[in-house]
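This report concerns only the one structure given below.
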Amino acid sequence: MNKLVRKLPDNVQLLMLQEAGKTHQEIADEYHTTRQAVTWRFNEMEKYSRGPLRQVTESIPWDISDRDLKRKVWKQEPYMGLRAFVQSRLGAEVGRRAELALKAFRNRVSRGEVLALDAERGVHYVSREPADGNLVIRWPADMPQDDEQVKLFELEAPEESSQA
């Protein structure tokens, strides 16, 4: 077992700290360990935290609740680009690695592609079809389109994308 993990309190205490509103970083600072060690312990308990990406991931209309699909999709660069796209649309700061994925995502979308999801391939680019309208993703057929949610996935105006 990793020495850093042993410094942390038991799982019940960790859950109490989280319930009290402490972030993984705050818990790590309190116990003189790393945020990754805290996150690892929560993951071992299958208590996952999406932190600041929660609003972003909840906005994406795809069902990736299947654990294997989620693992596949989460690490794919196109999905990282999509998350960064939505993050920037929500006015949140985008990190350096996400910035690179966002640039690649915008390049593909500007060439007439949209991002699609399927269980076999995860997320992948496909040619834009008329049914995709002005969106950067292929909207799932079984998912209603809420106007506010849809706005997050619309192509940007030329002046908006040139400022990014």
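Chain labels run A, B, ... following the order of the structure tokens; each chain numbers its residues from 1, and ligands are numbered from 1 in the order shown.
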Could you name the residues that touch Glu99 of chain A at 10 Å or less, counting only C-alpha atoms, but leaving out those on the same chain fewer than 2 positions away, as a compact mmCIF listing (two decimals) with N, CA and C atoms, in the first residue's frame?
```txt
# COMPACT_ATOMS: atom_id res chain seq x y z
N MET A 80 -12.39 14.82 -24.76
CA MET A 80 -11.76 15.89 -24.00
C MET A 80 -11.97 17.24 -24.70
N GLY A 81 -11.90 17.23 -26.03
CA GLY A 81 -12.14 18.45 -26.79
C GLY A 81 -13.57 18.92 -26.65
N ALA A 84 -14.00 20.44 -23.22
CA ALA A 84 -13.38 21.77 -23.20
C ALA A 84 -14.25 22.78 -23.95
N PHE A 85 -14.86 22.35 -25.05
CA PHE A 85 -15.75 23.21 -25.82
C PHE A 85 -16.91 23.67 -24.94
N SER A 88 -15.74 25.98 -22.09
CA SER A 88 -15.52 27.37 -22.53
C SER A 88 -16.85 28.07 -22.78
N GLU A 93 -12.63 28.31 -17.12
CA GLU A 93 -11.27 28.28 -17.63
C GLU A 93 -10.95 26.88 -18.13
N VAL A 94 -10.23 26.81 -19.24
CA VAL A 94 -9.83 25.54 -19.84
C VAL A 94 -8.34 25.37 -19.63
N GLY A 95 -7.93 24.22 -19.09
CA GLY A 95 -6.52 23.94 -18.83
C GLY A 95 -5.72 23.75 -20.10
N ARG A 96 -4.39 23.70 -19.98
CA ARG A 96 -3.49 23.61 -21.13
C ARG A 96 -3.73 22.34 -21.97
N ARG A 97 -3.82 21.19 -21.31
CA ARG A 97 -4.04 19.94 -22.06
C ARG A 97 -5.40 19.98 -22.76
N ALA A 101 -6.77 19.76 -26.92
CA ALA A 101 -7.88 18.93 -27.39
C ALA A 101 -8.98 19.80 -27.99
N LEU A 102 -9.22 20.97 -27.41
CA LEU A 102 -10.23 21.89 -27.93
C LEU A 102 -9.85 22.40 -29.32
N LYS A 103 -8.59 22.71 -29.51
CA LYS A 103 -8.13 23.19 -30.81
C LYS A 103 -8.35 22.11 -31.88
N ALA A 104 -8.00 20.87 -31.56
CA ALA A 104 -8.20 19.77 -32.51
C ALA A 104 -9.69 19.56 -32.77
N PHE A 105 -10.50 19.66 -31.72
CA PHE A 105 -11.96 19.51 -31.86
C PHE A 105 -12.51 20.58 -32.79
N ALA A 164 -11.01 32.62 -29.71
CA ALA A 164 -10.59 31.52 -28.84
C ALA A 164 -9.14 31.16 -29.00
```
Where does DSSP see alpha helix (DSSP H) in chain A, if you list the residues as a count of residues only? 83
